[in-house]
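What follows is one structure encoded as C-alpha cells, with my remarks underneath.
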Amino acid sequence: MSDEEFSSAAGASLVVPMQCSAIRKGGHAVMRGHPCKVVDMSTSKTGKHGHAKVHMVGLDIFTGKKYEEICPSTHNMDVPIVKRTDYQLVDITEEGYCSLLNDLGEPKEDLKVPEGELGEKLVADFNDDKDLNVTVISAMDMEQIISYREEKSA
C-alpha cells in the first residue's frame, strides 16, 4: 500500500479531538470513557496563573448515567462519532434478539431488545402484527435501539 492510499474502515477512528471550549450543550463528548450528550456546561474565569476551566455535565447516550468532566478550555477532549440509523423490524427471536433490515435490504441480527418499558412496548406492538421501524444509535463500537415507531401503511 503506498502513502497515497487509505482504507476507510480499517483505520477509522471512533472519536475525534475537539477543543473543550468548542463543545456545546446538546453536543457529544467522551466523559470518563463513556460517550455522553452534554446537558449542561459552564466556563470559569481564568485564574491568576492558569486557564479558564470548562465544567461539563453529560448523560451516557446508552445508559442515561450522569458524568461530569472539568478540563481547561484550551485542551482537547474526545468527541465520539455518533450515528443514528433506522431499520425495519422483521422478527424478534426467543432469545430476545431483533432481526432487522436496513434501507438496502441488508440484515442485522446482533441487537437485543432494549430493557425496560421501551423493550416491553416494542415486543407488545410487534406481537400485535404492527409494522415497526427502530432507530439504532451507535458510537465507540456500541449499538443500542433507542426508539421505534409504527410504519405508516401506504
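Identifiers in this document derive from the order of the C-alpha cells: chains are assigned A, B, ..., residues are numbered from 1 separately in each chain, and ligands are numbered from 1 in order of occurrence.
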Near segment 16-30 of chain A, within 7 Å and counting only C-alpha atoms, which residues show up once chain neighbours fewer than 5 positions away are dropped, as a ChimeraX atom specification?
-> /A:35-41,54,73-80
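Once Ser147 of chain A and its same-chain neighbours fewer than 6 positions away are set aside, Leu118, Leu122, Asn133, Val134, Thr135 and Val136 of chain A remain within 9 Å of it when counting only C-alpha atoms.
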Selected residues written out with C-alpha atoms, as a PDB file, in the first residue's frame:
ATOM      1  CA  LEU A 118     -39.223   0.591  25.681  1.00  0.00           C
ATOM      2  CA  LEU A 122     -41.668  -2.876  21.316  1.00  0.00           C
ATOM      3  CA  ASN A 133     -39.138   0.771  12.335  1.00  0.00           C
ATOM      4  CA  VAL A 134     -36.479   1.008  15.054  1.00  0.00           C
ATOM      5  CA  THR A 135     -33.840   3.711  15.488  1.00  0.00           C
ATOM      6  CA  VAL A 136     -30.372   2.452  16.443  1.00  0.00           C
TER       7      VAL A 136
END
Could you write out, as a ChimeraX atom specification, all the residues of chain A that DSSP marks as strand (DSSP E or B)?
-> /A:15-19,28-31,34-43,53-60,66-72,76-80,83-92,97-101,107-112,132-139,142-150
Would you mind telling me which residue in A:Met31, A:Met142, A:Leu89, A:Leu101 lies nearest to Glu68 of chain A when using only C-alpha atoms?
->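 Looking only at the distances to Glu68 of chain A, the closest residue turns out to be A:Met31.
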In chain A, DSSP alpha helix (DSSP H) residues written as a list in words |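 Written out, the alpha helix (DSSP H) residues of chain A are Glu117, Leu118, Gly119, Glu120, Lys121, Leu122, Val123, Ala124, Asp125, Phe126 and Asn127 of chain A.
Ranking A:Gly47, A:Gly58, A:Gly119, A:Gly105 by their shortest atom-to-atom distance to Ile70 of chain A, with only C-alpha atoms included, puts A:Gly58 first.
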Record the distance separating atom CA of Pro114 of chain A and atom CA of Ile145 of chain A, expressed in Å with one decimal.
->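 Computing the Euclidean distance for atom CA of Pro114 of chain A and atom CA of Ile145 of chain A yields 6.3 Å.
The two atoms in question, atom CA of Phe62 of chain A and atom CA of Gln144 of chain A, are spaced 6.8 Å apart.
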Excluding Asp125 of chain A and any residue of its chain fewer than 2 positions from it, enumerate the residues within 12 Å of it, using only C-alpha atoms, and give them as a list in words.
-> Leu89, Asp91, Ile92, Leu118, Gly119, Glu120, Lys121, Leu122, Val123, Asn127, Asp128, Asp129, Lys130, Asp131, Leu132, Asn133, Val134, Tyr148, Arg149, Glu150 and Glu151 of chain A
Residues as selected, N, CA, C and O atoms, written as an mmCIF file, in the first residue's frame, can you do that?
data_model
loop_
_atom_site.group_PDB
_atom_site.id
_atom_site.type_symbol
_atom_site.label_atom_id
_atom_site.label_comp_id
_atom_site.auth_asym_id
_atom_site.auth_seq_id
_atom_site.Cartn_x
_atom_site.Cartn_y
_atom_site.Cartn_z
ATOM 1 N N LEU A 89 -38.021 -3.629 11.531
ATOM 2 C CA LEU A 89 -38.032 -4.796 12.419
ATOM 3 C C LEU A 89 -38.749 -5.943 11.711
ATOM 4 O O LEU A 89 -39.902 -5.819 11.328
ATOM 5 N N ASP A 91 -38.251 -9.530 12.844
ATOM 6 C CA ASP A 91 -38.575 -10.607 13.773
ATOM 7 C C ASP A 91 -37.890 -10.355 15.112
ATOM 8 O O ASP A 91 -36.910 -9.615 15.186
ATOM 9 N N ILE A 92 -38.428 -10.969 16.160
ATOM 10 C CA ILE A 92 -37.775 -10.972 17.468
ATOM 11 C C ILE A 92 -37.618 -12.437 17.857
ATOM 12 O O ILE A 92 -38.611 -13.175 17.921
ATOM 13 N N LEU A 118 -39.364 0.525 27.144
ATOM 14 C CA LEU A 118 -39.223 0.591 25.681
ATOM 15 C C LEU A 118 -39.254 -0.813 25.074
ATOM 16 O O LEU A 118 -39.962 -1.065 24.102
ATOM 17 N N GLY A 119 -38.504 -1.728 25.660
ATOM 18 C CA GLY A 119 -38.454 -3.100 25.160
ATOM 19 C C GLY A 119 -39.799 -3.802 25.275
ATOM 20 O O GLY A 119 -40.222 -4.525 24.363
ATOM 21 N N GLU A 120 -40.484 -3.601 26.406
ATOM 22 C CA GLU A 120 -41.794 -4.230 26.609
ATOM 23 C C GLU A 120 -42.812 -3.735 25.580
ATOM 24 O O GLU A 120 -43.573 -4.514 25.011
ATOM 25 N N LYS A 121 -42.820 -2.408 25.334
ATOM 26 C CA LYS A 121 -43.747 -1.833 24.349
ATOM 27 C C LYS A 121 -43.419 -2.332 22.942
ATOM 28 O O LYS A 121 -44.324 -2.630 22.157
ATOM 29 N N LEU A 122 -42.109 -2.417 22.636
ATOM 30 C CA LEU A 122 -41.668 -2.876 21.316
ATOM 31 C C LEU A 122 -42.156 -4.299 21.060
ATOM 32 O O LEU A 122 -42.735 -4.584 20.008
ATOM 33 N N VAL A 123 -41.945 -5.190 22.023
ATOM 34 C CA VAL A 123 -42.375 -6.585 21.864
ATOM 35 C C VAL A 123 -43.900 -6.669 21.760
ATOM 36 O O VAL A 123 -44.435 -7.396 20.912
ATOM 37 N N ASN A 127 -45.874 -8.059 18.545
ATOM 38 C CA ASN A 127 -46.785 -9.201 18.669
ATOM 39 C C ASN A 127 -48.198 -8.869 18.194
ATOM 40 O O ASN A 127 -48.979 -9.761 17.891
ATOM 41 N N ASP A 128 -48.547 -7.572 18.131
ATOM 42 C CA ASP A 128 -49.843 -7.129 17.598
ATOM 43 C C ASP A 128 -49.797 -7.000 16.074
ATOM 44 O O ASP A 128 -50.671 -6.373 15.472
ATOM 45 N N ASP A 129 -48.749 -7.543 15.451
ATOM 46 C CA ASP A 129 -48.560 -7.535 13.995
ATOM 47 C C ASP A 129 -48.487 -6.135 13.403
ATOM 48 O O ASP A 129 -48.971 -5.894 12.295
ATOM 49 N N LYS A 130 -47.877 -5.203 14.141
ATOM 50 C CA LYS A 130 -47.665 -3.857 13.592
ATOM 51 C C LYS A 130 -46.338 -3.847 12.838
ATOM 52 O O LYS A 130 -45.388 -4.510 13.230
ATOM 53 N N ASP A 131 -46.276 -3.073 11.732
ATOM 54 C CA ASP A 131 -45.015 -2.884 11.002
ATOM 55 C C ASP A 131 -44.228 -1.801 11.722
ATOM 56 O O ASP A 131 -44.681 -0.652 11.804
ATOM 57 N N LEU A 132 -43.039 -2.159 12.243
ATOM 58 C CA LEU A 132 -42.281 -1.226 13.072
ATOM 59 C C LEU A 132 -40.921 -0.906 12.468
ATOM 60 O O LEU A 132 -40.286 -1.765 11.855
ATOM 61 N N ASN A 133 -40.497 0.338 12.649
ATOM 62 C CA ASN A 133 -39.138 0.771 12.335
ATOM 63 C C ASN A 133 -38.461 1.140 13.649
ATOM 64 O O ASN A 133 -39.053 1.830 14.480
ATOM 65 N N VAL A 134 -37.217 0.679 13.830
ATOM 66 C CA VAL A 134 -36.479 1.008 15.054
ATOM 67 C C VAL A 134 -35.321 1.944 14.702
ATOM 68 O O VAL A 134 -34.792 1.902 13.596
ATOM 69 N N TYR A 148 -38.587 3.494 18.606
ATOM 70 C CA TYR A 148 -39.226 2.838 17.468
ATOM 71 C C TYR A 148 -40.503 3.590 17.136
ATOM 72 O O TYR A 148 -40.993 4.379 17.935
ATOM 73 N N ARG A 149 -40.999 3.356 15.927
ATOM 74 C CA ARG A 149 -42.265 3.956 15.521
ATOM 75 C C ARG A 149 -42.959 3.003 14.554
ATOM 76 O O ARG A 149 -42.304 2.180 13.905
ATOM 77 N N GLU A 150 -44.262 3.165 14.466
ATOM 78 C CA GLU A 150 -45.029 2.313 13.569
ATOM 79 C C GLU A 150 -44.886 2.813 12.136
ATOM 80 O O GLU A 150 -44.948 4.022 11.883
ATOM 81 N N GLU A 151 -44.666 1.870 11.228
ATOM 82 C CA GLU A 151 -44.539 2.191 9.802
ATOM 83 C C GLU A 151 -45.915 2.601 9.275
ATOM 84 O O GLU A 151 -46.911 1.914 9.504
#
Selected residue, from A:Lys53, A:Pro72, A:Ser42, A:Tyr87, that lies nearest to Pro107 of chain A when counting only C-alpha atoms |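 For Pro107 of chain A, the nearest of the candidates is A:Tyr87.
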Calculate how many Å separate atom CA of Glu109 of chain A from atom CA of Tyr97 of chain A, rounding to one decimal.
->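 Computed distance, atom CA of Glu109 of chain A to atom CA of Tyr97 of chain A, equals 6.7 Å.
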